Amino acid sequence: MIDPAAGPFLFDTSAESWLARQTDRNAVTWLGRYLRLHPVAISAVTVTERVRGYSTLWRRAAPEARERIEAARVAYLSQLTHGNVLPVNSAVAVVAGEVMALVPDPPTPPRRSHRLAESRQDRLARWRFDGMIAATALVAGIPLVHNNAADFEAVRSAIERTPERFPGLGPLELIRCSLLYDFQT
Amino acid sequence: MAEVVATGLRSENAKQRANQVLDNYRKAFSGFPEDELAILDGVMLEPVVTTRRSRRGE
């Protein structure tokens with residue numbers, strides 16, 4: 001288990017929603033303890049991905065389902081008011097550019113789910129976003145909680161191989177979200 | 001005495017803030033099936049277009 005007092009942590013987009021959806025009592029307790037000490041820090045990129053997601057679902061939804069989606073979007077946005085969104089500033093932009101040049105292609109293929117699939121174009125865009133999120137954690141000097149080991153480990157090892165491109169920064173510290181707390185048995 | 005009260009108030013405020021965020025998170029992500037949650041995570045899933053040829057593996 002990771003001590004909540006060891007935060008703050010930057011949460012990747014899927015790690016944030018994964019943790020928020022856990023019903024395991026240990027997970028809820030962990031998040032409650034963490035929130036009393038720190039905000040759930042996220043990148044501005046995560047806000048972009050999330051709002052794009054809500055908006056996409058809203059546009060695809062039947063009229064009677066739209067109110068529920070909008071209520072979820074408002075609930076999400078209303079907890080962004082505690083100073084927990086880290087900006088993509090000039091330092092993050094520079095570091096993200098270095099990351100994207102080091103690892104230009106996503107290490108994992110586009111996501112598939114039953115009869116749905118992610119296009120190669122969207123996969124590449126998401127990979128670019130992941131690079132910006134990793135750069136945000138690196139510049140802030142805080143660990144990145146993620147739910148995507150293959151992708152972020154590739155970024156971490158690339159940064160370790162070329163420390164001269166990241167003076168004064170790193171290493172990128174990664175925490176798998178499933179290791180944050182002890183699962184109930 | 002005042003310090004004890006201030007510490008207690010800070011702790012109570014932190015608890016209320018934490019509960020508010022937890023409540024908002026529950027509302028933000030509950031009731032969505034896996035495919036829709038993937039979209040909320042930035043994974044844009046689109047229906048796969050299959051043709052007779054691709055289904056046969058030709």
# chains A, B, ... in the order shown; residues from 1 in each chain; ligands from 1
>>> select_by_dssp(residues="stretch 13-184 of chain A", states="helix (DSSP H, G or I)", output="PyMOL selection string")
chain A and resi 13-21+25-37+44-60+63-78+90-102+120-140+149-161+163-165+177-179
>>> write_last_selection(atoms="C-alpha atoms", output="mmCIF file, in the first residue's frame")
data_model
loop_
_atom_site.group_PDB
_atom_site.id
_atom_site.type_symbol
_atom_site.label_atom_id
_atom_site.label_comp_id
_atom_site.auth_asym_id
_atom_site.auth_seq_id
_atom_site.Cartn_x
_atom_site.Cartn_y
_atom_site.Cartn_z
ATOM 1 C CA THR A 13 -6.760 10.142 -16.934
ATOM 2 C CA SER A 14 -7.687 6.468 -16.634
ATOM 3 C CA ALA A 15 -6.178 6.177 -13.128
ATOM 4 C CA GLU A 16 -8.391 9.012 -11.896
ATOM 5 C CA SER A 17 -11.608 7.385 -13.108
ATOM 6 C CA TRP A 18 -10.456 3.908 -12.052
ATOM 7 C CA LEU A 19 -9.890 5.032 -8.486
ATOM 8 C CA ALA A 20 -13.096 7.079 -8.404
ATOM 9 C CA ARG A 21 -15.123 4.006 -9.448
ATOM 10 C CA ARG A 25 -13.879 -0.420 1.200
ATOM 11 C CA ASN A 26 -10.088 -0.191 1.337
ATOM 12 C CA ALA A 27 -10.059 1.854 -1.861
ATOM 13 C CA VAL A 28 -12.689 4.285 -0.594
ATOM 14 C CA THR A 29 -10.831 4.598 2.717
ATOM 15 C CA TRP A 30 -7.526 5.187 0.916
ATOM 16 C CA LEU A 31 -9.003 7.878 -1.341
ATOM 17 C CA GLY A 32 -10.752 9.544 1.607
ATOM 18 C CA ARG A 33 -7.502 9.690 3.577
ATOM 19 C CA TYR A 34 -5.611 10.963 0.532
ATOM 20 C CA LEU A 35 -8.186 13.692 -0.133
ATOM 21 C CA ARG A 36 -7.918 14.981 3.417
ATOM 22 C CA LEU A 37 -4.214 15.616 2.792
ATOM 23 C CA ALA A 44 -4.990 20.034 -17.906
ATOM 24 C CA VAL A 45 -4.693 17.399 -20.649
ATOM 25 C CA THR A 46 -6.853 15.069 -18.553
ATOM 26 C CA VAL A 47 -9.542 17.752 -18.373
ATOM 27 C CA THR A 48 -9.415 18.014 -22.170
ATOM 28 C CA GLU A 49 -9.724 14.236 -22.620
ATOM 29 C CA ARG A 50 -12.548 14.016 -20.091
ATOM 30 C CA VAL A 51 -14.610 16.903 -21.474
ATOM 31 C CA ARG A 52 -14.143 15.555 -24.992
ATOM 32 C CA GLY A 53 -15.442 12.208 -23.703
ATOM 33 C CA TYR A 54 -18.542 13.656 -22.027
ATOM 34 C CA SER A 55 -19.273 15.790 -25.066
ATOM 35 C CA THR A 56 -18.886 12.814 -27.428
ATOM 36 C CA LEU A 57 -21.242 10.681 -25.335
ATOM 37 C CA TRP A 58 -23.748 13.543 -25.107
ATOM 38 C CA ARG A 59 -23.797 14.008 -28.886
ATOM 39 C CA ARG A 60 -24.183 10.270 -29.508
ATOM 40 C CA PRO A 63 -32.297 12.869 -26.075
ATOM 41 C CA GLU A 64 -33.640 11.200 -22.908
ATOM 42 C CA ALA A 65 -30.110 10.118 -21.869
ATOM 43 C CA ARG A 66 -28.488 13.499 -22.305
ATOM 44 C CA GLU A 67 -29.584 14.936 -18.963
ATOM 45 C CA ARG A 68 -27.799 12.141 -17.074
ATOM 46 C CA ILE A 69 -24.589 12.651 -19.069
ATOM 47 C CA GLU A 70 -24.705 16.403 -18.519
ATOM 48 C CA ALA A 71 -25.218 15.891 -14.758
ATOM 49 C CA ALA A 72 -22.141 13.628 -14.686
ATOM 50 C CA ARG A 73 -20.122 16.220 -16.593
ATOM 51 C CA VAL A 74 -21.152 18.992 -14.181
ATOM 52 C CA ALA A 75 -20.266 16.785 -11.187
ATOM 53 C CA TYR A 76 -16.824 16.160 -12.680
ATOM 54 C CA LEU A 77 -16.195 19.810 -13.462
ATOM 55 C CA SER A 78 -17.389 20.977 -10.033
ATOM 56 C CA SER A 90 6.228 26.337 -21.238
ATOM 57 C CA ALA A 91 8.343 23.912 -19.195
ATOM 58 C CA VAL A 92 5.814 21.099 -19.660
ATOM 59 C CA ALA A 93 5.589 21.887 -23.380
ATOM 60 C CA VAL A 94 9.381 21.616 -23.804
ATOM 61 C CA VAL A 95 9.631 18.354 -21.850
ATOM 62 C CA ALA A 96 6.620 16.872 -23.677
ATOM 63 C CA GLY A 97 8.284 17.677 -26.999
ATOM 64 C CA GLU A 98 11.384 15.785 -25.891
ATOM 65 C CA VAL A 99 9.282 12.819 -24.775
ATOM 66 C CA MET A 100 7.381 12.728 -28.081
ATOM 67 C CA ALA A 101 10.634 12.797 -30.059
ATOM 68 C CA LEU A 102 12.142 10.023 -27.922
ATOM 69 C CA ARG A 120 -4.776 4.574 -35.420
ATOM 70 C CA GLN A 121 -5.154 8.343 -35.597
ATOM 71 C CA ASP A 122 -6.891 8.505 -32.215
ATOM 72 C CA ARG A 123 -4.373 6.074 -30.712
ATOM 73 C CA LEU A 124 -1.534 8.378 -31.779
ATOM 74 C CA ALA A 125 -3.345 11.424 -30.377
ATOM 75 C CA ARG A 126 -3.849 9.637 -27.057
ATOM 76 C CA TRP A 127 -0.169 8.707 -27.019
ATOM 77 C CA ARG A 128 0.733 12.369 -27.465
ATOM 78 C CA PHE A 129 -1.566 13.239 -24.558
ATOM 79 C CA ASP A 130 0.162 10.588 -22.397
ATOM 80 C CA GLY A 131 3.499 12.231 -23.204
ATOM 81 C CA MET A 132 2.148 15.578 -22.014
ATOM 82 C CA ILE A 133 0.823 14.017 -18.803
ATOM 83 C CA ALA A 134 4.175 12.341 -18.107
ATOM 84 C CA ALA A 135 5.920 15.664 -18.768
ATOM 85 C CA THR A 136 3.569 17.379 -16.304
ATOM 86 C CA ALA A 137 4.523 14.909 -13.564
ATOM 87 C CA LEU A 138 8.202 15.239 -14.397
ATOM 88 C CA VAL A 139 8.165 19.043 -14.239
ATOM 89 C CA ALA A 140 6.075 19.064 -11.048
ATOM 90 C CA ALA A 149 2.062 0.208 -17.333
ATOM 91 C CA ALA A 150 3.206 -0.626 -20.869
ATOM 92 C CA ASP A 151 2.883 2.934 -22.139
ATOM 93 C CA PHE A 152 4.268 4.866 -19.193
ATOM 94 C CA GLU A 153 7.127 2.435 -18.551
ATOM 95 C CA ALA A 154 8.251 3.094 -22.121
ATOM 96 C CA VAL A 155 8.336 6.811 -21.384
ATOM 97 C CA ARG A 156 10.134 6.311 -18.074
ATOM 98 C CA SER A 157 12.865 4.122 -19.533
ATOM 99 C CA ALA A 158 13.354 6.459 -22.502
ATOM 100 C CA ILE A 159 13.890 9.355 -20.100
ATOM 101 C CA GLU A 160 16.362 7.298 -18.069
ATOM 102 C CA ARG A 161 18.342 6.465 -21.221
ATOM 103 C CA PRO A 163 18.972 12.167 -18.944
ATOM 104 C CA GLU A 164 20.911 14.895 -20.776
ATOM 105 C CA ARG A 165 17.670 15.857 -22.557
ATOM 106 C CA CYS A 177 -3.070 2.518 -9.332
ATOM 107 C CA SER A 178 -3.804 -1.085 -8.314
ATOM 108 C CA LEU A 179 -0.905 -0.828 -5.833
#
>>> closest_atom_pairs(of="chain B", to="chain A", cutoff="7 Å", atoms="only C-alpha atoms", output="Markdown table")
| residue | atom | partner | partner_atom | distance |
| --- | --- | --- | --- | --- |
| B:Ala14 | CA | A:Arg36 | CA | 4.9 |
| B:Lys15 | CA | A:Arg36 | CA | 5.8 |
| B:Ala18 | CA | A:Leu35 | CA | 5.0 |
| B:Val21 | CA | A:Gln79 | CA | 5.9 |
| B:Asn24 | CA | A:Ala75 | CA | 5.0 |
| B:Tyr25 | CA | A:Ala20 | CA | 5.6 |
| B:Arg26 | CA | A:Ala20 | CA | 6.6 |
| B:Lys27 | CA | A:Ala72 | CA | 5.5 |
| B:Ala28 | CA | A:Ala72 | CA | 4.1 |
| B:Phe29 | CA | A:Arg21 | CA | 6.5 |
| B:Ile39 | CA | A:Gly53 | CA | 5.1 |
| B:Leu40 | CA | A:Gly53 | CA | 4.2 |
| B:Asp41 | CA | A:Ser14 | CA | 5.3 |
| B:Gly42 | CA | A:Glu49 | CA | 4.8 |
| B:Val43 | CA | A:Glu118 | CA | 6.8 |
| B:Met44 | CA | A:Glu118 | CA | 5.7 |
| B:Leu45 | CA | A:Glu118 | CA | 4.7 |
| B:Glu46 | CA | A:Leu116 | CA | 5.2 |
| B:Pro47 | CA | A:Leu116 | CA | 4.4 |
| B:Val48 | CA | A:Leu116 | CA | 5.2 |
>>> write_last_selection(atoms="C-alpha atoms", output="mmCIF file, in the first residue's frame")
data_model
loop_
_atom_site.group_PDB
_atom_site.id
_atom_site.type_symbol
_atom_site.label_atom_id
_atom_site.label_comp_id
_atom_site.auth_asym_id
_atom_site.auth_seq_id
_atom_site.Cartn_x
_atom_site.Cartn_y
_atom_site.Cartn_z
ATOM 1 C CA ALA B 14 -10.644 18.741 5.128
ATOM 2 C CA LYS B 15 -13.064 15.905 5.866
ATOM 3 C CA ALA B 18 -12.872 15.090 0.830
ATOM 4 C CA VAL B 21 -14.969 15.325 -3.948
ATOM 5 C CA ASN B 24 -18.766 14.336 -7.151
ATOM 6 C CA TYR B 25 -16.573 11.494 -8.402
ATOM 7 C CA ARG B 26 -19.363 8.984 -7.763
ATOM 8 C CA LYS B 27 -21.794 11.116 -9.777
ATOM 9 C CA ALA B 28 -19.237 11.739 -12.527
ATOM 10 C CA PHE B 29 -18.467 8.090 -13.291
ATOM 11 C CA ILE B 39 -14.522 7.202 -24.075
ATOM 12 C CA LEU B 40 -14.534 9.260 -20.853
ATOM 13 C CA ASP B 41 -10.895 8.196 -20.432
ATOM 14 C CA GLY B 42 -10.043 9.569 -23.854
ATOM 15 C CA VAL B 43 -10.224 6.285 -25.773
ATOM 16 C CA MET B 44 -12.404 7.109 -28.761
ATOM 17 C CA LEU B 45 -14.050 3.832 -29.703
ATOM 18 C CA GLU B 46 -15.938 3.649 -32.967
ATOM 19 C CA PRO B 47 -18.026 0.807 -34.394
ATOM 20 C CA VAL B 48 -15.902 -1.579 -36.454
#
>>> residues_around(residues="A:Gly7", least_positions_apart="2", cutoff="8 Å", atoms="only C-alpha atoms", output="ChimeraX atom specification")
/A:3-5,9,34,38,142-143
>>> closest_residue(among="A:Thr81, A:Asp24, A:Leu10, A:Ile2", to="A:Leu172", atoms="only C-alpha atoms")
A:Leu10
>>> select_by_dssp(residues="stretch 41-167 of chain A", states="strand (DSSP E)", output="PyMOL selection string")
chain A and resi 42-43+85-86+112-113+116-118+144-146
>>> decode(residues="stretch 12-52 of chain B", atoms="N, CA and C atoms", output="compact mmCIF listing (two decimals), in the first residue's frame")
# COMPACT_ATOMS: atom_id res chain seq x y z
N GLU B 12 -11.97 19.19 10.24
CA GLU B 12 -13.36 19.02 9.82
C GLU B 12 -13.57 19.55 8.40
N ASN B 13 -12.94 20.68 8.09
CA ASN B 13 -13.04 21.23 6.73
C ASN B 13 -12.44 20.27 5.71
N ALA B 14 -11.30 19.69 6.05
CA ALA B 14 -10.64 18.74 5.13
C ALA B 14 -11.53 17.52 4.91
N LYS B 15 -12.18 17.07 5.98
CA LYS B 15 -13.06 15.91 5.87
C LYS B 15 -14.25 16.22 4.96
N GLN B 16 -14.84 17.41 5.16
CA GLN B 16 -15.99 17.80 4.33
C GLN B 16 -15.60 17.94 2.87
N ARG B 17 -14.42 18.53 2.64
CA ARG B 17 -13.95 18.72 1.27
C ARG B 17 -13.72 17.36 0.60
N ALA B 18 -13.12 16.44 1.36
CA ALA B 18 -12.87 15.09 0.83
C ALA B 18 -14.19 14.40 0.48
N ASN B 19 -15.17 14.50 1.36
CA ASN B 19 -16.47 13.86 1.10
C ASN B 19 -17.16 14.46 -0.12
N GLN B 20 -17.00 15.78 -0.28
CA GLN B 20 -17.60 16.45 -1.43
C GLN B 20 -16.97 15.96 -2.74
N VAL B 21 -15.64 15.82 -2.74
CA VAL B 21 -14.97 15.33 -3.95
C VAL B 21 -15.38 13.88 -4.22
N LEU B 22 -15.43 13.05 -3.19
CA LEU B 22 -15.84 11.65 -3.37
C LEU B 22 -17.24 11.57 -3.95
N ASP B 23 -18.14 12.42 -3.44
CA ASP B 23 -19.52 12.43 -3.94
C ASP B 23 -19.57 12.86 -5.41
N ASN B 24 -18.80 13.89 -5.75
CA ASN B 24 -18.77 14.34 -7.15
C ASN B 24 -18.20 13.25 -8.06
N TYR B 25 -17.15 12.56 -7.60
CA TYR B 25 -16.57 11.49 -8.40
C TYR B 25 -17.59 10.38 -8.64
N ARG B 26 -18.34 10.04 -7.59
CA ARG B 26 -19.36 8.98 -7.76
C ARG B 26 -20.36 9.39 -8.84
N LYS B 27 -20.82 10.64 -8.78
CA LYS B 27 -21.79 11.12 -9.78
C LYS B 27 -21.17 11.19 -11.17
N ALA B 28 -19.89 11.53 -11.22
CA ALA B 28 -19.24 11.74 -12.53
C ALA B 28 -19.03 10.45 -13.30
N PHE B 29 -18.86 9.32 -12.59
CA PHE B 29 -18.47 8.09 -13.29
C PHE B 29 -19.44 6.93 -13.12
N SER B 30 -20.52 7.12 -12.37
CA SER B 30 -21.42 5.98 -12.16
C SER B 30 -22.43 5.88 -13.30
N GLY B 31 -22.86 4.65 -13.57
CA GLY B 31 -23.91 4.42 -14.57
C GLY B 31 -23.44 4.34 -16.00
N PHE B 32 -22.13 4.35 -16.22
CA PHE B 32 -21.62 4.24 -17.59
C PHE B 32 -21.09 2.83 -17.83
N PRO B 33 -21.47 2.19 -18.94
CA PRO B 33 -20.89 0.88 -19.27
C PRO B 33 -19.42 1.04 -19.66
N GLU B 34 -18.71 -0.09 -19.75
CA GLU B 34 -17.26 -0.06 -19.99
C GLU B 34 -16.87 0.72 -21.24
N ASP B 35 -17.63 0.53 -22.32
CA ASP B 35 -17.28 1.22 -23.57
C ASP B 35 -17.36 2.73 -23.40
N GLU B 36 -18.38 3.19 -22.67
CA GLU B 36 -18.53 4.63 -22.47
C GLU B 36 -17.48 5.16 -21.50
N LEU B 37 -17.11 4.36 -20.51
CA LEU B 37 -16.04 4.78 -19.60
C LEU B 37 -14.72 4.94 -20.35
N ALA B 38 -14.50 4.05 -21.32
CA ALA B 38 -13.29 4.18 -22.13
C ALA B 38 -13.28 5.52 -22.86
N ILE B 39 -14.43 5.91 -23.38
CA ILE B 39 -14.52 7.20 -24.07
C ILE B 39 -14.26 8.35 -23.09
N LEU B 40 -14.79 8.22 -21.87
CA LEU B 40 -14.53 9.26 -20.85
C LEU B 40 -13.05 9.32 -20.48
N ASP B 41 -12.34 8.22 -20.70
CA ASP B 41 -10.90 8.20 -20.43
C ASP B 41 -10.08 8.63 -21.64
N GLY B 42 -10.75 9.08 -22.68
CA GLY B 42 -10.04 9.57 -23.85
C GLY B 42 -9.81 8.54 -24.93
N VAL B 43 -10.37 7.33 -24.75
CA VAL B 43 -10.22 6.28 -25.77
C VAL B 43 -11.46 6.35 -26.67
N MET B 44 -11.27 6.90 -27.86
CA MET B 44 -12.40 7.11 -28.76
C MET B 44 -12.71 5.83 -29.54
N LEU B 45 -13.68 5.09 -29.06
CA LEU B 45 -14.05 3.83 -29.70
C LEU B 45 -15.16 4.07 -30.72
N GLU B 46 -14.95 3.52 -31.89
CA GLU B 46 -15.94 3.65 -32.97
C GLU B 46 -16.36 2.25 -33.40
N PRO B 47 -17.60 2.12 -33.90
CA PRO B 47 -18.03 0.81 -34.39
C PRO B 47 -17.09 0.30 -35.50
N VAL B 48 -16.76 -0.98 -35.44
CA VAL B 48 -15.90 -1.58 -36.45
C VAL B 48 -16.75 -1.87 -37.68
N VAL B 49 -16.28 -1.39 -38.83
CA VAL B 49 -17.00 -1.66 -40.07
C VAL B 49 -16.43 -2.94 -40.66
N THR B 50 -17.24 -3.98 -40.75
CA THR B 50 -16.78 -5.23 -41.33
C THR B 50 -17.47 -5.48 -42.66
N THR B 51 -16.72 -6.02 -43.58
CA THR B 51 -17.29 -6.39 -44.87
C THR B 51 -17.37 -7.91 -44.95
N ARG B 52 -18.08 -8.41 -45.95
CA ARG B 52 -18.15 -9.88 -46.12
C ARG B 52 -16.76 -10.46 -46.31
